[in-house]
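Trainee: Have a look at the structure that comes next, please.
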Number of protein chains: 2
Amino acid sequence: MGTTATQPSLWDRSRQAVVASIFETAMRLFAEQGYEATTIAQIAKEAGISQRSLFRYFGTKEDIVCGEQEEHGELLRAAVEAQPAAATPWEALRAGFEALMDAHGSPEQLLEITTLIFDTPSLRARYTQKRLRWQEAVLPAVTDRMAAGEGPVSEVRAAAVVATVFACVDAATEAWVRGGGRSDLAALYDEALAAVRG
Amino acid sequence: MGTTATQPSLWDRSRQAVVASIFETAMRLFAEQGYEATTIAQIAKEAGISQRSLFRYFGTKEDIVCGEQEEHGELLRAAVEAQPAAATPWEALRAGFEALMDAHGSPEQLLEITTLIFDTPSLRARYTQKRLRWQEAVLPAVTDRMAAGEGPVSEVRAAAVVATVFACVDAATEAWVRGGGRSDLAALYDEALAAVRG
DNA sequence: GCCCGCCTGGCAGTCACTGCCAATCGGACA
DNA sequence: TGTCCGATTGGCAGTGACTGCCAGGCGGGC
C-alpha cells in the first residue's frame with residue numbers, strides 16, 4: 001500500500017498538473033474569445049501540449065468544462081444512499097445536493113463554470129446528458145425509499161420524483177446564474193421545490 | 001392573397017416532398033445500421049440529392065429526426081395560452097401536451113422517432129435542448145397564471161413548475177418507450193405528476 | 001548498460017458542416 | 001415564343017472535432 005500510494009501518485013500528480021494546466025488555459029481562452037471561437041489547436045498550443053495528447057486527457061472539447069461532473073455523480077449517489085432510512089426521498093436528495101455543493105472548492109469558480117455552461121448551448125446539452133446519468137445513479141436509492149413508505153413503486157413514479165428534483169435544481173441554478181451568483185443557491189432550490197409541491 | 005396562396009404552395013409542395021423523401025430514407029437507414037453508423041453522404045446518395053442540398057433542408061444531421069419539434073413548440077405555446085383563465089398552470093400545461101399529441105399523425109411513427117431519440121445520446125441531447133426552448137415559450141403564460149392565483153411570482157417559481165411538468169413528461173415518455181409503447185402515455189404522465197404532487 | 005511499458009507527438013484520415021461559385025430550372029413578362 | 005431573372009442546385013475546397021496508427025522518448029526494473 002505504501003508503494004502503491006506514492007508511485008502512482010507521482011504519475012497522478014503530474015497528470016493532475018497537466019489536466020489543471022489545460023483546464024486553466026482553456027477557461028482563459030473561453031473567457032477571452034468565447035467557447036465556440038476557441039479551437040482545440042489553440043488550447044493545445046497555448047498549453048504547450050500536442051493536440052493528440054490533449055484528447056487523451058479530455059475525450060471531447062466539452063469535457064474540458066464538464067469533465068468533473070463524472071466523479072460528482074458518484075459523490076451524489078453515495079451521499080443520497082448514506083441518508084438515514086427515515087428520510088423521505090425529497091430529504092435524501094436535498095441532502096445529496098448539499099453534500100455536492102460542499103465538495104466544491106471556490107464558489108467563484110463554480111459560478112464561472114456554471115455560467116459558461118448555461119450560456120453555451122452545446123455545453124448545456126452535454127451537461128444535461130451527464131445529469132441523466134446522475135438520475136440513473138440515484139434512482140435505485142429513491143425507489144427503495146419510496147417503496148419503504150408506500151409499498152411497491154412503479155418505475156415512473158420514482159423516475160418522476162428524481163427528474164423533478166433535478167428540474168428544480170436546474171431552475172434554481174439558472175436563476176442563480178442569471179443573477180450573477182448573488183442569491184443563495186440552496187434557498188432558490190427550496191423556493192423552486194415549494195412552488196411545485198406546496 | 002390568391003396568388004400567394006397557390007404559387008408558393010407549388011414550391012412548398014415540392015419542398016415538402018423532398019423533405020419527406022430525405023426523412024424516410026434516413027429513418028430507414030437509421031433503423032438498418034443505427035444512427036451513428038449512417039453518414040450524411042449515404043443518406044444524400046440514397047435520397048438522390050447532393051450532400052450540399054441536404055444541408056439546406058436540414059441544418060444538422062440531428063434535425064432530420066428532431067426537426068419537427070420546432071413547429072410543435074409554437075403549437076404547445078398556443079394551446080397553453082388558449083386555456084381558460086380559470087385553469088391552473090398544471091391543468092393548462094396538461095391540456096397543451098394533450099393538444100400536442102393530437103397533432104401527431106400515426107402513433108407508430110411517433111413511437112419509432114421517440115425510441116430512436118431516447119436510444120441515441122446525441123439525439124436525446126439535441127431533443128432536450130429544443131425542449132428548453134419550449135419551456136421558455138410557455139413560461140410567460142405560466143407566470144401570468146400563477147400571478148393570477150397568488151400575486152406576484154418570482155422567476156424561479158414559475159420556471160420550476162414548467163421544468164417539473166417537462167420532467168414528468170420526460171419520465172412518462174421514457175417509461176412509454178421502454179415498454180414498447182404498449183401503455184398509455186397520458187396515463188403515465190398523470191401517474192408521474194401524482195407521484196410528485198400527491 | 002539493457003530492456004520494457006507507458007506516454008507522447010505527428011500524420012493521415014473520417015465526418016459533420018460551411019462558404020463560394022457556376023450551372024440550371026421555372027415562372028414572369030415583353 | 002423567346003428572353004430574362006430569382007431561386008435552387010451541385011460541386012469543390014476548407015474548417016474543426018475527433019480517431020487510429022506508428023515511431024520515438026523517458027522512465028524504472030533487471
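Lettering and numbering for the C-alpha cells are positional, with chains as A, B, ... in the shown order, residues counted from 1 in each chain, and ligands counted from 1 in the shown order.
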Can you list every residue of chain D that has an atom at most 9 Å from chain B, with its nearest atom pair and the distance in Å to one decimal, using only C-alpha atoms (C1' of nucleotides), ordered by chain then number, as a tab-separated table?
Mentor:
residue	atom	partner	partner_atom	distance
D:DT8	C1'	B:Ser53	CA	8.9
D:DT9	C1'	B:Ser53	CA	6.8
D:DG10	C1'	B:Ser50	CA	6.3
D:DG11	C1'	B:Arg52	CA	8.6
Trainee: Compute the chain C side of the contact with chain A at 12 Å, counting only C-alpha atoms (C1' of nucleotides), and hand it back as a ChimeraX atom specification.
Mentor: /C:6-11
Trainee: For chain B, work out the contacting residues on chain A at 6 Å, counting only C-alpha atoms, and write them as a PyMOL selection string.
Mentor: chain A and resi 125+129+156-157+159-161+163-164+167-168+171+192+195-197
Trainee: Quick one: of A:Ile40, A:Ala26, A:Ala99, A:Ala20, who's nearest to DC18 (chain D), counting only C-alpha atoms (C1' of nucleotides)?
Mentor: A:Ile40
Trainee: Report as a PyMOL selection string all protein, DNA and RNA residues lying within 12 Å of Thr38 (chain B), evaluated on only C-alpha atoms (C1' of nucleotides), omitting residues in the same chain fewer than 3 positions from it.
Mentor: (chain B and resi 25-35+41-46+61-62) or (chain C and resi 15-16)
Trainee: Write out as number ranges by chain which residues come within 12 Å of Ala92 (chain B) when counting only C-alpha atoms (C1' of nucleotides), dropping same-chain ones fewer than 2 positions away.
Mentor: B: 76-90, 94-99, 138-139, 141-146, 161-162, 165
Trainee: Hey, can you spit out that residue selection with C-alpha atoms as an mmCIF file, in the first residue's frame?
Mentor:
data_model
loop_
_atom_site.group_PDB
_atom_site.id
_atom_site.type_symbol
_atom_site.label_atom_id
_atom_site.label_comp_id
_atom_site.auth_asym_id
_atom_site.auth_seq_id
_atom_site.Cartn_x
_atom_site.Cartn_y
_atom_site.Cartn_z
ATOM 1 C CA LEU B 76 -47.784 23.959 -27.461
ATOM 2 C CA ARG B 77 -47.497 27.614 -26.580
ATOM 3 C CA ALA B 78 -50.689 28.489 -28.420
ATOM 4 C CA ALA B 79 -52.591 25.630 -26.784
ATOM 5 C CA VAL B 80 -51.453 26.598 -23.304
ATOM 6 C CA GLU B 81 -52.344 30.238 -23.811
ATOM 7 C CA ALA B 82 -55.735 29.260 -25.200
ATOM 8 C CA GLN B 83 -56.761 27.568 -21.969
ATOM 9 C CA PRO B 84 -59.417 29.319 -19.866
ATOM 10 C CA ALA B 85 -58.124 31.775 -17.308
ATOM 11 C CA ALA B 86 -59.611 29.688 -14.523
ATOM 12 C CA ALA B 87 -57.344 26.729 -15.314
ATOM 13 C CA THR B 88 -54.318 26.226 -13.062
ATOM 14 C CA PRO B 89 -50.866 26.160 -14.661
ATOM 15 C CA TRP B 90 -50.841 22.398 -14.211
ATOM 16 C CA ARG B 94 -51.537 19.184 -19.370
ATOM 17 C CA ALA B 95 -54.063 20.387 -21.910
ATOM 18 C CA GLY B 96 -51.217 21.753 -24.009
ATOM 19 C CA PHE B 97 -49.498 18.402 -24.177
ATOM 20 C CA GLU B 98 -52.789 16.726 -24.971
ATOM 21 C CA ALA B 99 -53.165 19.053 -27.944
ATOM 22 C CA VAL B 138 -44.674 28.652 -22.239
ATOM 23 C CA LEU B 139 -43.031 30.391 -19.294
ATOM 24 C CA ALA B 141 -48.257 32.097 -19.835
ATOM 25 C CA VAL B 142 -47.497 30.063 -16.727
ATOM 26 C CA THR B 143 -46.140 33.086 -14.890
ATOM 27 C CA ASP B 144 -49.328 35.033 -15.628
ATOM 28 C CA ARG B 145 -51.493 32.154 -14.492
ATOM 29 C CA MET B 146 -49.584 31.775 -11.236
ATOM 30 C CA VAL B 161 -43.315 24.480 -12.333
ATOM 31 C CA VAL B 162 -42.627 24.426 -16.060
ATOM 32 C CA VAL B 165 -44.028 19.349 -15.919
#
